[in-house]
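Structure data follow from entry.txt (compact mmCIF, C-alpha atoms and all ligand atoms):
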# COMPACT_ATOMS: atom_id res chain seq x y z
CA MET A 1 100.15 132.10 95.41
CA GLN A 2 97.63 131.83 92.64
CA GLY A 3 94.40 130.18 93.63
CA ALA A 4 95.21 130.40 97.35
CA PHE A 5 92.22 131.30 99.45
CA SER A 6 92.66 132.61 102.98
CA LEU A 7 90.16 131.23 105.46
CA GLN A 8 90.86 134.22 107.69
CA ALA A 9 89.73 136.45 104.86
CA ALA A 10 86.63 134.27 104.53
CA ARG A 11 85.51 135.11 108.05
CA GLY A 12 83.10 138.00 107.82
CA ALA A 13 83.24 137.72 104.06
CA GLU A 14 80.65 136.43 101.64
CA VAL A 15 80.52 133.10 99.85
CA ARG A 16 78.07 133.05 96.95
CA GLY A 17 76.21 136.02 98.42
CA LYS A 18 75.81 134.59 101.93
CA SER A 19 77.94 135.48 104.91
CA VAL A 20 80.13 132.60 106.03
CA GLU A 21 78.70 132.93 109.54
CA ASN A 22 75.16 132.48 108.21
CA LEU A 23 76.19 129.31 106.42
CA ILE A 24 77.28 127.79 109.73
CA GLY A 25 74.19 126.22 111.29
CA GLN A 26 72.60 122.83 111.61
CA ASP A 27 72.05 121.05 108.32
CA LYS A 28 68.54 119.88 107.37
CA THR A 29 68.86 116.54 109.12
CA GLY A 30 70.28 118.14 112.26
CA ARG A 31 73.16 115.69 112.03
CA ARG A 32 75.91 118.25 112.21
CA PRO A 33 76.78 121.90 111.65
CA LEU A 34 77.02 122.96 108.01
CA PRO A 35 80.59 123.58 106.89
CA GLY A 36 81.56 127.20 106.26
CA LEU A 37 82.79 126.27 102.81
CA THR A 38 83.75 123.27 100.71
CA VAL A 39 86.78 122.89 98.48
CA ARG A 40 86.69 119.98 96.00
CA GLY A 41 84.16 118.26 98.27
CA ILE A 42 86.30 118.80 101.38
CA ALA A 43 84.12 120.29 104.15
CA VAL A 44 85.86 123.20 105.92
CA TRP A 45 84.87 124.75 109.25
CA PRO A 46 87.10 127.87 109.49
CA GLY A 47 87.91 128.79 113.09
CA TRP A 48 85.76 125.97 114.47
CA LEU A 49 87.86 125.87 117.66
CA ASP A 50 88.16 129.05 119.69
CA ARG A 51 91.37 130.03 121.44
CA SER A 52 90.55 128.32 124.74
CA ALA A 53 89.58 125.08 122.96
CA GLN A 54 92.87 125.22 121.03
CA GLU A 55 94.86 125.76 124.24
CA ALA A 56 93.11 122.82 125.92
CA LEU A 57 93.96 120.58 122.95
CA VAL A 58 97.62 121.61 123.11
CA GLN A 59 97.68 120.60 126.79
CA ASP A 60 96.15 117.21 125.89
CA LEU A 61 98.78 116.77 123.18
CA ARG A 62 101.64 117.52 125.57
CA ALA A 63 100.48 114.51 127.60
CA VAL A 64 100.22 112.34 124.45
CA ILE A 65 103.71 113.31 123.30
CA SER A 66 105.27 112.69 126.72
CA GLN A 67 103.94 109.11 126.60
CA ALA A 68 104.52 108.56 122.86
CA PRO A 69 107.42 110.79 121.71
CA LEU A 70 107.50 112.36 118.25
CA PHE A 71 109.69 110.57 115.69
CA SER A 72 110.55 111.04 112.01
CA PRO A 73 109.16 108.18 109.90
CA LEU A 74 111.34 107.07 106.99
CA THR A 75 110.04 107.35 103.44
CA GLY A 76 110.13 104.36 101.12
CA GLY A 77 113.48 105.69 99.92
CA GLY A 78 114.84 105.48 103.48
CA LYS A 79 115.07 109.25 104.11
CA PRO A 80 113.43 110.75 107.22
CA MET A 81 110.28 112.78 106.60
CA SER A 82 110.56 116.47 107.55
CA VAL A 83 107.30 116.16 109.55
CA ARG A 84 107.69 114.55 112.99
CA MET A 85 104.82 112.32 114.11
CA THR A 86 103.25 110.27 116.81
CA SER A 87 99.78 108.81 117.34
CA ALA A 88 97.06 108.15 119.88
CA GLY A 89 94.43 105.45 119.70
CA ARG A 90 94.37 101.74 118.96
CA PHE A 91 96.66 102.19 115.94
CA GLY A 92 99.43 104.57 114.99
CA TRP A 93 100.67 105.39 111.52
CA TYR A 94 104.21 104.27 110.75
CA SER A 95 106.58 104.18 107.81
CA ASP A 96 110.01 102.75 107.17
CA SER A 97 111.86 101.25 104.22
CA LYS A 98 109.28 98.41 104.25
CA GLY A 99 106.46 100.86 103.53
CA TYR A 100 103.52 102.66 105.09
CA ARG A 101 101.27 100.91 107.62
CA TYR A 102 99.46 101.12 110.93
CA ILE A 103 101.09 99.50 113.95
CA ASP A 104 99.56 98.80 117.36
CA ARG A 105 102.48 100.10 119.44
CA HIS A 106 104.82 103.08 119.39
CA PRO A 107 108.19 102.11 117.83
CA ASN A 108 109.65 102.27 121.38
CA GLY A 109 107.35 99.36 122.35
CA THR A 110 104.81 101.19 124.52
CA ASP A 111 101.07 101.30 123.84
CA TRP A 112 99.76 104.34 121.98
CA PRO A 113 97.98 106.59 124.50
CA PRO A 114 94.19 106.89 124.24
CA ILE A 115 92.74 109.55 121.94
CA PRO A 116 91.96 112.55 124.19
CA GLU A 117 88.24 112.92 125.00
CA ARG A 118 88.23 116.51 123.71
CA VAL A 119 89.46 115.26 120.31
CA LEU A 120 86.81 112.51 120.19
CA ALA A 121 84.13 115.11 120.92
CA ILE A 122 85.13 117.10 117.79
CA TRP A 123 84.80 113.92 115.70
CA ARG A 124 81.33 113.26 117.12
CA ASP A 125 80.24 116.85 116.49
CA LEU A 126 81.42 117.03 112.87
CA CYS A 127 81.40 113.51 111.42
CA GLY A 128 77.74 112.68 112.00
CA ALA A 129 76.10 109.67 113.60
CA ALA A 130 76.87 107.31 110.70
CA ALA A 131 80.63 107.44 111.23
CA ARG A 132 82.39 104.78 113.33
CA ALA A 133 84.66 105.84 116.19
CA PRO A 134 88.18 106.88 115.11
CA GLU A 135 90.92 104.30 115.72
CA CYS A 136 93.91 106.56 115.09
CA CYS A 137 94.70 110.16 115.91
CA LEU A 138 97.87 110.96 113.98
CA VAL A 139 99.78 113.94 115.42
CA ASN A 140 101.89 115.72 112.78
CA TRP A 141 104.42 118.30 113.96
CA TYR A 142 105.72 120.74 111.32
CA GLY A 143 108.78 122.80 112.19
CA PRO A 144 109.39 125.94 110.11
CA ASP A 145 110.89 123.99 107.18
CA ALA A 146 108.71 120.89 107.21
CA ARG A 147 106.38 119.99 104.35
CA MET A 148 104.34 117.04 103.14
CA GLY A 149 104.34 116.09 99.48
CA LEU A 150 101.19 115.29 97.52
CA HIS A 151 99.85 111.85 98.47
CA GLN A 152 96.64 109.90 98.97
CA ASP A 153 95.55 108.45 102.33
CA ARG A 154 94.88 104.83 101.44
CA ASP A 155 96.34 102.74 104.25
CA GLU A 156 92.87 102.39 105.81
CA ALA A 157 90.47 99.50 105.05
CA ASP A 158 87.20 101.43 104.62
CA PHE A 159 87.26 104.57 102.46
CA SER A 160 83.58 105.16 103.22
CA GLN A 161 84.67 106.39 106.67
CA PRO A 162 85.68 110.08 106.92
CA VAL A 163 89.04 111.55 107.90
CA LEU A 164 88.93 114.63 110.16
CA SER A 165 91.81 117.14 110.24
CA ILE A 166 92.41 119.73 112.99
CA SER A 167 94.99 122.52 112.52
CA LEU A 168 96.80 124.19 115.44
CA GLY A 169 99.56 126.80 115.49
CA ASP A 170 101.12 128.50 112.48
CA ASP A 171 99.32 128.69 109.14
CA GLY A 172 99.89 125.85 106.69
CA LEU A 173 99.45 126.03 102.93
CA PHE A 174 97.28 123.03 102.06
CA ARG A 175 97.04 121.84 98.46
CA ALA A 176 94.17 119.70 97.18
CA GLY A 177 94.60 117.84 93.91
CA ASN A 178 92.65 115.16 92.14
CA LEU A 179 91.81 111.46 92.38
CA GLU A 180 94.84 110.68 90.22
CA ARG A 181 98.27 112.27 90.10
CA GLY A 182 98.51 115.47 88.06
CA GLY A 183 96.00 118.05 86.95
CA ALA A 184 95.09 121.41 88.42
CA THR A 185 95.29 121.87 92.18
CA GLN A 186 93.67 124.29 94.61
CA SER A 187 95.45 125.82 97.60
CA LEU A 188 94.11 126.99 100.94
CA TRP A 189 95.82 128.45 104.00
CA LEU A 190 94.82 126.39 107.05
CA LYS A 191 94.80 128.41 110.26
CA SER A 192 94.80 127.45 113.91
CA GLY A 193 91.37 126.17 114.89
CA ASP A 194 90.28 125.22 111.37
CA VAL A 195 88.79 121.73 110.93
CA LEU A 196 88.33 119.76 107.68
CA ALA A 197 86.32 116.62 106.94
CA LEU A 198 87.42 114.41 104.06
CA GLU A 199 84.52 112.20 103.11
CA GLY A 200 82.76 110.80 100.11
CA PRO A 201 84.53 111.57 96.83
CA SER A 202 87.06 113.89 98.55
CA ARG A 203 88.33 111.04 100.76
CA LEU A 204 90.80 109.87 98.09
CA LEU A 205 92.01 113.20 96.71
CA TYR A 206 95.74 113.79 96.43
CA HIS A 207 96.72 116.41 99.02
CA GLY A 208 99.73 117.84 100.83
CA ILE A 209 101.21 120.76 102.76
CA ASP A 210 103.53 122.96 100.67
CA ARG A 211 104.89 125.02 103.55
CA ILE A 212 104.03 126.63 106.81
CA ALA A 213 104.26 130.33 107.66
CA PRO A 214 106.30 130.52 110.89
CA GLY A 215 105.21 133.17 113.37
CA THR A 216 101.62 133.56 112.15
CA SER A 217 100.09 132.13 115.35
CA THR A 218 100.82 132.71 119.03
CA LEU A 219 99.29 129.40 120.17
CA LEU A 220 102.50 127.38 120.44
CA SER A 221 105.65 128.35 122.34
CA ALA A 222 107.87 127.74 119.28
CA PRO A 223 107.27 128.40 115.58
CA GLY A 224 105.52 125.44 113.98
CA ARG A 225 102.25 123.75 113.20
CA ILE A 226 100.41 120.74 114.57
CA ASN A 227 97.88 118.80 112.54
CA LEU A 228 95.72 116.08 114.02
CA THR A 229 94.11 113.60 111.64
CA LEU A 230 91.49 111.23 112.96
CA ARG A 231 90.89 108.03 111.04
CA VAL A 232 88.99 104.76 111.13
CA VAL A 233 91.68 102.19 110.24
CA THR A 234 90.00 98.76 110.08
C1 LIG B 301 92.38 115.37 101.80
N1 LIG B 301 98.21 115.65 106.75
O1 LIG B 301 98.60 113.15 107.73
S1 LIG B 301 95.54 117.25 106.85
C2 LIG B 301 98.25 113.26 106.54
O2 LIG B 301 98.13 119.03 107.51
C3 LIG B 301 98.07 114.60 105.95
O3 LIG B 301 99.33 117.41 108.29
C4 LIG B 301 98.17 117.01 106.29
O4 LIG B 301 97.82 114.71 104.82
C5 LIG B 301 98.55 117.88 107.45
O5 LIG B 301 98.01 112.29 105.81
C6 LIG B 301 96.87 117.39 105.70
C7 LIG B 301 94.20 117.38 105.77
C8 LIG B 301 93.85 116.15 105.03
C9 LIG B 301 93.94 114.90 105.61
C10 LIG B 301 93.51 113.79 104.89
C11 LIG B 301 92.99 113.93 103.62
C12 LIG B 301 93.36 116.31 103.79
C13 LIG B 301 92.93 115.22 103.06
C14 LIG B 301 92.51 112.84 102.88
C15 LIG B 301 91.97 113.04 101.64
C16 LIG B 301 91.91 114.30 101.09
FE FE B 302 97.22 112.78 104.04
For the structure just supplied, provide its representation as structure tokens.
Amino acid sequence: MQGAFSLQAARGAEVRGKSVENLIGQDKTGRRPLPGLTVRGIAVWPGWLDRSAQEALVQDLRAVISQAPLFSPLTGGGKPMSVRMTSAGRFGWYSDSKGYRYIDRHPNGTDWPPIPERVLAIWRDLCGAAARAPECCLVNWYGPDARMGLHQDRDEADFSQPVLSISLGDDGLFRAGNLERGGATQSLWLKSGDVLALEGPSRLLYHGIDRIAPGTSTLLSAPGRINLTLRVVT
């Protein structure tokens, strides 16, 4: 894949003459750790979560999914998405033939479960003191053949608030585009434990997941990938 950049390869490697590890430290204001790298303004912390933190998150997510089961939202065209989803928090993301929106209950009528404390702690550590608390934790489950086409995240009211993405399980090939459809794109393999912050100008970039690489992680009991995205909705 031309232009693809492996974060695993970045560990122990050099970025502009500095080791990635050395770039990870408090920024000047002490607000948060410096990202290991940035791609089109997207801050990337490769391997931010160690194995035990990843395992603890998976346990938290089992509890979320047992209360709010995964479902396949319908696209505007009425076809089910290949990614299965659920949410935690005050709002959950939903889509059917009427369009994309946030709803305050699971489609089965129950409340969305609270966002796990361990997930909130990652938001606090990486989004800085200026960010509001997240109101939605979208849980995306990718089976071996699932993908997500290029789109913008614009169902939220305040684009000045960041979006935080946490990858777990098998590698996913992330593609970052531009502020409008078309143009050159840049690809990046997201690995288990990697965290991204979408903020400022990168908040409205087109982006998607081209494919996952089944069997590249031992975290989950079945091949697949989980992505958590934390968002301020209102
Ligand atoms: C770049 N999820 O749920 S997360 C989504 O891996 C979504 O499941 C993908 O796109 C996934 O909407 C990508 C990384 C991500 C999330 C939001 C972004 C990248 C972004 C918003 C703006 C730019
Ligand atoms: Fe998105």
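Here atom C16 of ligand LIG 301 (chain B) and atom CA of Leu228 of chain A stand 13.6 Å from one another.
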Practice task
Could you give me, as a count of residues only, the residues that have an atom at most 9 Å away from the point (110.4, 104.4, 103.5) in the coordinates of the file, using all atoms listed in the file?
Solution key: 15
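Distances from A:Met85, A:Val233, A:Ala184, A:Leu219 to Arg51 of chain A were compared using all atoms listed in the file, and the smallest one belongs to A:Leu219.
Nearest to ligand LIG 301 (chain B) of all the residues A:Gly208, A:Pro214, A:Pro223, A:Gly169 is A:Gly208, counting only C-alpha atoms and all ligand atoms.
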With the cut-off set at 9 Å and counting all atoms listed in the file, tabulate each residue of chain A with an atom at most that distance from an atom of ligand LIG 301 (chain B), showing the nearest atom pair and its distance in Å to one decimal, ordered by chain and increasing number, as JSON lines.
{"residue": "A:Ile42", "atom": "CA", "partner": "B:LIG301", "partner_atom": "C1", "distance": 7.0}
{"residue": "A:Val83", "atom": "CA", "partner": "B:LIG301", "partner_atom": "O3", "distance": 8.2}
{"residue": "A:Met85", "atom": "CA", "partner": "B:LIG301", "partner_atom": "O1", "distance": 8.9}
{"residue": "A:Trp93", "atom": "CA", "partner": "B:LIG301", "partner_atom": "O1", "distance": 8.9}
{"residue": "A:Leu138", "atom": "CA", "partner": "B:LIG301", "partner_atom": "O1", "distance": 6.7}
{"residue": "A:Val139", "atom": "CA", "partner": "B:LIG301", "partner_atom": "O1", "distance": 7.8}
{"residue": "A:Asn140", "atom": "CA", "partner": "B:LIG301", "partner_atom": "O3", "distance": 5.4}
{"residue": "A:Trp141", "atom": "CA", "partner": "B:LIG301", "partner_atom": "O3", "distance": 7.7}
{"residue": "A:Tyr142", "atom": "CA", "partner": "B:LIG301", "partner_atom": "O3", "distance": 7.8}
{"residue": "A:Arg147", "atom": "CA", "partner": "B:LIG301", "partner_atom": "O3", "distance": 8.5}
{"residue": "A:Met148", "atom": "CA", "partner": "B:LIG301", "partner_atom": "C4", "distance": 6.9}
{"residue": "A:Gly149", "atom": "CA", "partner": "B:LIG301", "partner_atom": "O4", "distance": 8.5}
{"residue": "A:Leu150", "atom": "CA", "partner": "B:LIG301", "partner_atom": "O4", "distance": 8.1}
{"residue": "A:His151", "atom": "CA", "partner": "B:LIG301", "partner_atom": "O4", "distance": 7.3}
{"residue": "A:Gln152", "atom": "CA", "partner": "B:LIG301", "partner_atom": "C15", "distance": 6.2}
{"residue": "A:Asp153", "atom": "CA", "partner": "B:LIG301", "partner_atom": "C14", "distance": 5.4}
{"residue": "A:Arg154", "atom": "CA", "partner": "B:LIG301", "partner_atom": "C14", "distance": 8.5}
{"residue": "A:Pro162", "atom": "CA", "partner": "B:LIG301", "partner_atom": "C14", "distance": 8.4}
{"residue": "A:Val163", "atom": "CA", "partner": "B:LIG301", "partner_atom": "C10", "distance": 5.8}
{"residue": "A:Leu164", "atom": "CA", "partner": "B:LIG301", "partner_atom": "C9", "distance": 6.8}
{"residue": "A:Ser165", "atom": "CA", "partner": "B:LIG301", "partner_atom": "S1", "distance": 5.0}
{"residue": "A:Ile166", "atom": "CA", "partner": "B:LIG301", "partner_atom": "S1", "distance": 7.3}
{"residue": "A:Ser167", "atom": "CA", "partner": "B:LIG301", "partner_atom": "O2", "distance": 6.9}
{"residue": "A:Gly172", "atom": "CA", "partner": "B:LIG301", "partner_atom": "O2", "distance": 7.1}
{"residue": "A:Leu173", "atom": "CA", "partner": "B:LIG301", "partner_atom": "O2", "distance": 8.5}
{"residue": "A:Phe174", "atom": "CA", "partner": "B:LIG301", "partner_atom": "C6", "distance": 6.7}
{"residue": "A:Arg175", "atom": "CA", "partner": "B:LIG301", "partner_atom": "C6", "distance": 8.5}
{"residue": "A:Ala176", "atom": "CA", "partner": "B:LIG301", "partner_atom": "C1", "distance": 6.6}
{"residue": "A:Gly177", "atom": "CA", "partner": "B:LIG301", "partner_atom": "C16", "distance": 8.4}
{"residue": "A:Leu190", "atom": "CA", "partner": "B:LIG301", "partner_atom": "O2", "distance": 8.1}
{"residue": "A:Val195", "atom": "CA", "partner": "B:LIG301", "partner_atom": "C7", "distance": 8.6}
{"residue": "A:Leu196", "atom": "CA", "partner": "B:LIG301", "partner_atom": "C7", "distance": 6.6}
{"residue": "A:Ala197", "atom": "CA", "partner": "B:LIG301", "partner_atom": "C12", "distance": 7.7}
{"residue": "A:Leu198", "atom": "CA", "partner": "B:LIG301", "partner_atom": "C15", "distance": 5.3}
{"residue": "A:Glu199", "atom": "CA", "partner": "B:LIG301", "partner_atom": "C15", "distance": 7.6}
{"residue": "A:Pro201", "atom": "CA", "partner": "B:LIG301", "partner_atom": "C16", "distance": 8.9}
{"residue": "A:Ser202", "atom": "CA", "partner": "B:LIG301", "partner_atom": "C16", "distance": 5.5}
{"residue": "A:Arg203", "atom": "CA", "partner": "B:LIG301", "partner_atom": "C15", "distance": 4.2}
{"residue": "A:Leu204", "atom": "CA", "partner": "B:LIG301", "partner_atom": "C15", "distance": 4.9}
{"residue": "A:Leu205", "atom": "CA", "partner": "B:LIG301", "partner_atom": "C16", "distance": 4.5}
{"residue": "A:Tyr206", "atom": "CA", "partner": "B:LIG301", "partner_atom": "C16", "distance": 6.1}
{"residue": "A:His207", "atom": "CA", "partner": "B:LIG301", "partner_atom": "C1", "distance": 5.3}
{"residue": "A:Gly208", "atom": "CA", "partner": "B:LIG301", "partner_atom": "O4", "distance": 5.4}
{"residue": "A:Ile209", "atom": "CA", "partner": "B:LIG301", "partner_atom": "O2", "distance": 5.9}
{"residue": "A:Arg225", "atom": "CA", "partner": "B:LIG301", "partner_atom": "O2", "distance": 8.5}
{"residue": "A:Ile226", "atom": "CA", "partner": "B:LIG301", "partner_atom": "O3", "distance": 7.2}
{"residue": "A:Asn227", "atom": "CA", "partner": "B:LIG301", "partner_atom": "O3", "distance": 4.7}
{"residue": "A:Leu228", "atom": "CA", "partner": "B:LIG301", "partner_atom": "O3", "distance": 6.9}
{"residue": "A:Thr229", "atom": "CA", "partner": "B:LIG301", "partner_atom": "O1", "distance": 6.0}
{"residue": "A:Leu230", "atom": "CA", "partner": "B:LIG301", "partner_atom": "C9", "distance": 8.6}
{"residue": "A:Arg231", "atom": "CA", "partner": "B:LIG301", "partner_atom": "C10", "distance": 8.8}
Problem - Close residues, Trp123 of chain A itself excluded, 9 Å, only C-alpha atoms, min 4 positions apart in chain, as an NGL selection string - result: :A and (119 or 127-128 or 131 or 133-134 or 164 or 230)
Practice task
Just give me the gap between atom CA of Asp50 of chain A and atom CA of Pro69 of chain A in Å, one decimal is fine.
Solution key: 26.6 Å
Output file request: segment 141-215 of chain A, with C-alpha atoms, as a PDB file, in the first residue's frame.
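Written file, result_26.pdb:
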ATOM      1  CA  TRP A 141     -16.900  -3.798  15.899  1.00  0.00           C
ATOM      2  CA  TYR A 142     -15.153  -4.827  12.656  1.00  0.00           C
ATOM      3  CA  GLY A 143     -15.314  -8.475  11.663  1.00  0.00           C
ATOM      4  CA  PRO A 144     -12.718  -9.701   9.142  1.00  0.00           C
ATOM      5  CA  ASP A 145     -14.610  -8.256   6.148  1.00  0.00           C
ATOM      6  CA  ALA A 146     -15.950  -5.037   7.636  1.00  0.00           C
ATOM      7  CA  ARG A 147     -14.895  -1.609   6.394  1.00  0.00           C
ATOM      8  CA  MET A 148     -15.969   2.006   6.727  1.00  0.00           C
ATOM      9  CA  GLY A 149     -16.089   4.247   3.681  1.00  0.00           C
ATOM     10  CA  LEU A 150     -14.667   7.760   3.603  1.00  0.00           C
ATOM     11  CA  HIS A 151     -16.902  10.172   5.538  1.00  0.00           C
ATOM     12  CA  GLN A 152     -16.813  13.223   7.775  1.00  0.00           C
ATOM     13  CA  ASP A 153     -17.996  13.223  11.399  1.00  0.00           C
ATOM     14  CA  ARG A 154     -20.415  16.130  11.441  1.00  0.00           C
ATOM     15  CA  ASP A 155     -23.429  15.001  13.460  1.00  0.00           C
ATOM     16  CA  GLU A 156     -22.081  16.838  16.529  1.00  0.00           C
ATOM     17  CA  ALA A 157     -22.985  20.449  17.410  1.00  0.00           C
ATOM     18  CA  ASP A 158     -19.533  21.804  18.346  1.00  0.00           C
ATOM     19  CA  PHE A 159     -16.624  21.003  16.015  1.00  0.00           C
ATOM     20  CA  SER A 160     -14.245  22.835  18.365  1.00  0.00           C
ATOM     21  CA  GLN A 161     -14.453  19.794  20.661  1.00  0.00           C
ATOM     22  CA  PRO A 162     -12.049  16.910  19.896  1.00  0.00           C
ATOM     23  CA  VAL A 163     -12.872  13.330  18.935  1.00  0.00           C
ATOM     24  CA  LEU A 164     -10.702  10.622  20.526  1.00  0.00           C
ATOM     25  CA  SER A 165     -10.249   7.199  18.882  1.00  0.00           C
ATOM     26  CA  ILE A 166      -8.951   4.057  20.628  1.00  0.00           C
ATOM     27  CA  SER A 167      -8.016   0.949  18.599  1.00  0.00           C
ATOM     28  CA  LEU A 168      -8.170  -2.590  20.037  1.00  0.00           C
ATOM     29  CA  GLY A 169      -7.567  -5.967  18.410  1.00  0.00           C
ATOM     30  CA  ASP A 170      -6.506  -6.587  14.820  1.00  0.00           C
ATOM     31  CA  ASP A 171      -4.756  -3.908  12.766  1.00  0.00           C
ATOM     32  CA  GLY A 172      -6.963  -1.559  10.746  1.00  0.00           C
ATOM     33  CA  LEU A 173      -5.903   0.391   7.680  1.00  0.00           C
ATOM     34  CA  PHE A 174      -7.006   3.970   8.363  1.00  0.00           C
ATOM     35  CA  ARG A 175      -7.206   6.476   5.526  1.00  0.00           C
ATOM     36  CA  ALA A 176      -7.141  10.239   6.079  1.00  0.00           C
ATOM     37  CA  GLY A 177      -8.312  12.511   3.289  1.00  0.00           C
ATOM     38  CA  ASN A 178      -9.115  16.174   3.055  1.00  0.00           C
ATOM     39  CA  LEU A 179     -11.712  18.725   4.163  1.00  0.00           C
ATOM     40  CA  GLU A 180     -13.633  18.094   0.946  1.00  0.00           C
ATOM     41  CA  ARG A 181     -14.202  14.909  -1.024  1.00  0.00           C
ATOM     42  CA  GLY A 182     -11.367  13.901  -3.338  1.00  0.00           C
ATOM     43  CA  GLY A 183      -7.677  14.678  -3.445  1.00  0.00           C
ATOM     44  CA  ALA A 184      -4.696  12.726  -2.193  1.00  0.00           C
ATOM     45  CA  THR A 185      -5.097  10.580   0.912  1.00  0.00           C
ATOM     46  CA  GLN A 186      -2.668   9.196   3.473  1.00  0.00           C
ATOM     47  CA  SER A 187      -2.922   5.726   5.007  1.00  0.00           C
ATOM     48  CA  LEU A 188      -1.825   4.435   8.382  1.00  0.00           C
ATOM     49  CA  TRP A 189      -2.122   1.014  10.019  1.00  0.00           C
ATOM     50  CA  LEU A 190      -3.785   1.438  13.419  1.00  0.00           C
ATOM     51  CA  LYS A 191      -2.702  -1.187  15.938  1.00  0.00           C
ATOM     52  CA  SER A 192      -4.133  -2.344  19.232  1.00  0.00           C
ATOM     53  CA  GLY A 193      -3.461   0.266  21.905  1.00  0.00           C
ATOM     54  CA  ASP A 194      -3.019   3.184  19.497  1.00  0.00           C
ATOM     55  CA  VAL A 195      -4.963   6.361  20.308  1.00  0.00           C
ATOM     56  CA  LEU A 196      -5.745   9.304  17.980  1.00  0.00           C
ATOM     57  CA  ALA A 197      -7.070  12.785  18.727  1.00  0.00           C
ATOM     58  CA  LEU A 198      -8.969  14.617  15.996  1.00  0.00           C
ATOM     59  CA  GLU A 199      -9.005  18.288  16.861  1.00  0.00           C
ATOM     60  CA  GLY A 200      -8.650  21.674  15.294  1.00  0.00           C
ATOM     61  CA  PRO A 201      -8.405  21.557  11.498  1.00  0.00           C
ATOM     62  CA  SER A 202      -8.214  17.721  11.465  1.00  0.00           C
ATOM     63  CA  ARG A 203     -11.627  17.426  13.150  1.00  0.00           C
ATOM     64  CA  LEU A 204     -13.474  17.642   9.817  1.00  0.00           C
ATOM     65  CA  LEU A 205     -11.172  15.585   7.588  1.00  0.00           C
ATOM     66  CA  TYR A 206     -12.689  12.837   5.474  1.00  0.00           C
ATOM     67  CA  HIS A 207     -11.556   9.486   6.889  1.00  0.00           C
ATOM     68  CA  GLY A 208     -12.365   5.786   6.824  1.00  0.00           C
ATOM     69  CA  ILE A 209     -11.141   2.236   7.395  1.00  0.00           C
ATOM     70  CA  ASP A 210     -10.251   0.380   4.176  1.00  0.00           C
ATOM     71  CA  ARG A 211      -9.827  -3.045   5.738  1.00  0.00           C
ATOM     72  CA  ILE A 212      -8.617  -4.882   8.762  1.00  0.00           C
ATOM     73  CA  ALA A 213      -5.877  -7.510   8.884  1.00  0.00           C
ATOM     74  CA  PRO A 214      -7.418 -10.524  10.686  1.00  0.00           C
ATOM     75  CA  GLY A 215      -5.100 -12.421  12.996  1.00  0.00           C
TER      76      GLY A 215
END
